Amino acid sequence: MAEPMQDIARLGRPSLARNQDIALAVCVVGILLVLIIPIPTALLDVLLTINISLSVVVLLTTLYLLRPVDFAVFPSLLLMLTLFRLSLNVASTRLILSQANAGMVIQAFGTFVTRGNLFVGVVIFVILVVIQFVVITRGATRISEVAARFTLDAMPGKQMGVDSDLNAGLITEEQARQRRRDIEREADFYGAMDGATKFVRGDAIAGVVITLVNIVFGLIIGVAMMGMSMTDAAATYTRLTIGDGLVSQIPALVVSTAAGLIVTRTVSEENLGVDFGAQLTRYPRALGVGAVMLALFGIVPGMPTGPFLAVAGLLALITYAAQRTRTRMEAETRAREAAREAAEERPAPRTEDLLTVDPLKIELGYGLILLADARQGGDLLTRIQVIRQQIAAKMGFIVPVIRIVDNMRLRPNEYCVKLRESVIASYELLPDHFLAMNPGLVEEKIEGIPTQEPAFGLQAIWVSRENRDRAERLGYTIVEPSAVLATHLTELIYAHADELLGREDVQNLLNHLKERAPTVVSELVPNILTYGEVQKVLHILLRERVSIRNLETICEVLCDYGARTKDTEVLAEYCRHALGREICANYADEKNVLRVVTLAPELEQEILNAVSQSETGEYIPVAPARADAIAERAAQAVQPLVLEGQEPVILCSAPARRFFRRIVQRRLPRIVVLSYNEIDPSVTLQSEGQVVA
């Protein structure tokens, strides 16, 4: 069954992928034919160009390897490239000796590269051979021998390690099988590389022999058979021979370099370029000392000042960048260690503790842990304590304890806020920057990273510490990262206050009230309403950001009307009427003027006519399209107030208030809807428009 499936898989591939084996066979046969059959100069030019291109591709491929065994085909490829070059040497030798012409590529290397000077060409050729044979090939051969021996010696121990992990249950059978295959591939690879480097040495020797043969026999053929003078024959054949040698030795040197890179490459998680950059700049002090030494050389009399100072300046820039990178990495490392220490110090949870769901929790990426660590100057815990005090003073309930934990799955500078384990918001801070917001009066822009303030969605810019003072002078509002998080958290608490108030909290509030007003509490619970019904009334008030701090007044209203109706929405409306003075004070200006948008009478009547009665209470069945249209007109009506920085307040009759609020709350969650019964007589109303039907 496996073979038909493989055939089907091969049929699904492109034609080139299906015929790779045929293409390889054709290439090998073609190389052998070039050794035997004469080829024209034009075809030789193409093949020489392909040879150079292949060597460059192989070198670049080795630069991106993460593991040497990822290029396991390299030993065989090295043999084929060596054979390809030798076949081209034979073909070029045949053309040089028979026609005194080996094509444009060899002609170009013989004239342009050597600048027309044969002695220069000879010297360059000899240097290339020495570099390849003495330096690169000998070093790669020695490393291959050592790596092959060490790999084979370590193979039994690695196999035993795999068996041990398998027996301990740390890996599966399939993983163990894969690891064994990797060990075998590694041993086979280094063993093959040990032998493949011998081809490179032989190629260098063959290049020298072929060059000497071409020069000697070229002189003989040119003088004896073609009637050339000794000078002309030497000039012609030596130039072509040197060009042929350079065309062969340059690709050979490139491939030899690739072989040396492979055998010297260690296993890494990044490619060679990234490793070079990271490891050479790991110690900025060394780069700085080098920059200073070069600068000193540049000012010594007699030394070329320009080059030394230019390179010294470049090293200084690299030193500065490396130092900043190292400082950032050290800060991240300290944050990880602090998180790890906090996790180690944290007592192991009991099984019962795993059942507990935190009402409110902040999870921090490791880059933000310093905001909560007082030892590193973090003030987040202090800010949260102040927030809980402010919410208690303004809204009249105690926010549950906010738990702060680290979460390594988040991005380093990201935080998320969870309400009963559900994420309600997240944002990414820049701890080494400040958030700059334009209050609308600053015309000059400042350099920074554009962003959006998380609490209210305002456009803002992250500015660096260096630009903070300038931004303040220009008039920008500057906010610290911890203050951004605290402001976001405060707004989230206001938006979800009703979900944070549980029945236990309601009972605690009533018990606290009972100490100073025992009569009203004893009359209300449980004679008139239950704790659950009181909780629902308080939820409705908090949902529209009405403070429940005046709990005594709320309880008195519930005592008065709770016996008549158990509809918590109706009871909440009665409570709003009693709290009208406090509600108006939140939206009136310093002159006690309340700017509002009124509801058109015909729209109020339409809403009241649509109200229906059910067993659970009154509701309003408005079509979604009609609800969106009403919300759109409400948004247009309050737009002038919003543009002036005022709260968007809509005023309507008491019977229509809650139904209109229910219609527009999905599109306009922060809009304020008041009824005439909630307006304090001392407040001056100023109409700014009307929501029409």
# chains A, B, ... in the order shown; residues from 1 in each chain; ligands from 1
>>> select_by_dssp(residues="region 508-687 of chain A", states="helix (DSSP H, G or I)", output="number ranges by chain")
A: 508-514, 518-524, 531-543, 551-561, 568-578, 580-587, 601-610, 624-643, 654-664, 676-678
>>> select_by_dssp(residues="region 460-639 of chain A", states="strand (DSSP E)", output="PDB file with N, CA and C atoms, in the first residue's frame")
ATOM      1  N   ALA A 460      -1.891  58.770  20.575  1.00  0.00           N
ATOM      2  CA  ALA A 460      -0.774  59.143  21.433  1.00  0.00           C
ATOM      3  C   ALA A 460       0.534  58.723  20.773  1.00  0.00           C
ATOM      4  N   ILE A 461       1.638  59.085  21.425  1.00  0.00           N
ATOM      5  CA  ILE A 461       2.976  58.774  20.905  1.00  0.00           C
ATOM      6  C   ILE A 461       3.839  58.316  22.068  1.00  0.00           C
ATOM      7  N   TRP A 462       4.573  57.227  21.860  1.00  0.00           N
ATOM      8  CA  TRP A 462       5.579  56.802  22.831  1.00  0.00           C
ATOM      9  C   TRP A 462       6.859  57.586  22.545  1.00  0.00           C
ATOM     10  N   VAL A 463       7.288  58.403  23.507  1.00  0.00           N
ATOM     11  CA  VAL A 463       8.507  59.193  23.335  1.00  0.00           C
ATOM     12  C   VAL A 463       9.586  58.646  24.255  1.00  0.00           C
ATOM     13  N   SER A 464      10.819  58.773  23.831  1.00  0.00           N
ATOM     14  CA  SER A 464      11.945  58.283  24.626  1.00  0.00           C
ATOM     15  C   SER A 464      12.205  59.219  25.804  1.00  0.00           C
ATOM     16  N   THR A 477       0.802  66.124  27.080  1.00  0.00           N
ATOM     17  CA  THR A 477       0.545  65.493  28.375  1.00  0.00           C
ATOM     18  C   THR A 477       1.380  64.217  28.461  1.00  0.00           C
ATOM     19  N   ILE A 478       2.257  64.126  29.440  1.00  0.00           N
ATOM     20  CA  ILE A 478       3.189  63.012  29.570  1.00  0.00           C
ATOM     21  C   ILE A 478       2.689  62.069  30.658  1.00  0.00           C
ATOM     22  N   VAL A 479       2.630  60.785  30.329  1.00  0.00           N
ATOM     23  CA  VAL A 479       2.140  59.773  31.266  1.00  0.00           C
ATOM     24  C   VAL A 479       3.171  58.652  31.350  1.00  0.00           C
ATOM     25  N   VAL A 593     -24.377  74.457  35.355  1.00  0.00           N
ATOM     26  CA  VAL A 593     -25.145  74.390  34.114  1.00  0.00           C
ATOM     27  C   VAL A 593     -24.974  72.994  33.522  1.00  0.00           C
ATOM     28  N   LEU A 594     -26.078  72.377  33.171  1.00  0.00           N
ATOM     29  CA  LEU A 594     -26.061  71.032  32.585  1.00  0.00           C
ATOM     30  C   LEU A 594     -26.461  71.141  31.119  1.00  0.00           C
ATOM     31  N   ARG A 595     -25.521  70.899  30.236  1.00  0.00           N
ATOM     32  CA  ARG A 595     -25.777  70.964  28.789  1.00  0.00           C
ATOM     33  C   ARG A 595     -26.235  69.592  28.317  1.00  0.00           C
ATOM     34  N   VAL A 596     -27.408  69.554  27.694  1.00  0.00           N
ATOM     35  CA  VAL A 596     -28.019  68.283  27.332  1.00  0.00           C
ATOM     36  C   VAL A 596     -28.552  68.341  25.910  1.00  0.00           C
ATOM     37  N   VAL A 597     -28.849  67.146  25.402  1.00  0.00           N
ATOM     38  CA  VAL A 597     -29.591  66.969  24.151  1.00  0.00           C
ATOM     39  C   VAL A 597     -30.893  66.281  24.511  1.00  0.00           C
ATOM     40  N   THR A 598     -32.009  66.829  24.076  1.00  0.00           N
ATOM     41  CA  THR A 598     -33.315  66.276  24.448  1.00  0.00           C
ATOM     42  C   THR A 598     -33.794  65.265  23.422  1.00  0.00           C
ATOM     43  N   LEU A 599     -34.785  64.510  23.820  1.00  0.00           N
ATOM     44  CA  LEU A 599     -35.390  63.492  22.969  1.00  0.00           C
ATOM     45  C   LEU A 599     -36.669  64.064  22.380  1.00  0.00           C
ATOM     46  N   SER A 612     -43.612  46.380  25.647  1.00  0.00           N
ATOM     47  CA  SER A 612     -44.472  45.215  25.832  1.00  0.00           C
ATOM     48  C   SER A 612     -44.255  44.647  27.226  1.00  0.00           C
ATOM     49  N   GLN A 613     -45.232  43.870  27.676  1.00  0.00           N
ATOM     50  CA  GLN A 613     -45.196  43.285  29.016  1.00  0.00           C
ATOM     51  C   GLN A 613     -44.998  41.785  28.909  1.00  0.00           C
ATOM     52  N   SER A 614     -44.146  41.239  29.797  1.00  0.00           N
ATOM     53  CA  SER A 614     -43.950  39.788  29.862  1.00  0.00           C
ATOM     54  C   SER A 614     -43.964  39.376  31.321  1.00  0.00           C
ATOM     55  N   GLY A 617     -41.120  41.032  33.191  1.00  0.00           N
ATOM     56  CA  GLY A 617     -41.069  42.485  33.241  1.00  0.00           C
ATOM     57  C   GLY A 617     -41.330  43.096  31.882  1.00  0.00           C
ATOM     58  N   GLU A 618     -41.097  44.408  31.780  1.00  0.00           N
ATOM     59  CA  GLU A 618     -41.339  45.123  30.536  1.00  0.00           C
ATOM     60  C   GLU A 618     -40.099  45.056  29.648  1.00  0.00           C
ATOM     61  N   TYR A 619     -40.355  44.991  28.345  1.00  0.00           N
ATOM     62  CA  TYR A 619     -39.266  44.996  27.379  1.00  0.00           C
ATOM     63  C   TYR A 619     -39.737  45.744  26.142  1.00  0.00           C
TER      64      TYR A 619
END
>>> closest_residue(among="A:Val122, A:Cys584, A:Ala108, A:Leu78", to="Gly260 (chain A)", atoms="only C-alpha atoms")
A:Leu78
>>> residues_around(residues="Ala312 (chain A)", least_positions_apart="6", cutoff="9 Å", atoms="only C-alpha atoms", output="compact mmCIF listing (two decimals) with C-alpha atoms, in the first residue's frame")
# COMPACT_ATOMS: atom_id res chain seq x y z
CA GLY A 288 35.32 50.48 22.68
CA GLY A 290 39.53 48.91 19.80
CA ALA A 291 37.96 52.23 18.75
CA VAL A 292 40.23 54.14 21.16
CA MET A 293 43.35 52.33 19.92
CA LEU A 294 42.51 53.06 16.29
CA ALA A 295 41.89 56.71 17.14
CA GLY A 298 45.20 57.94 13.63
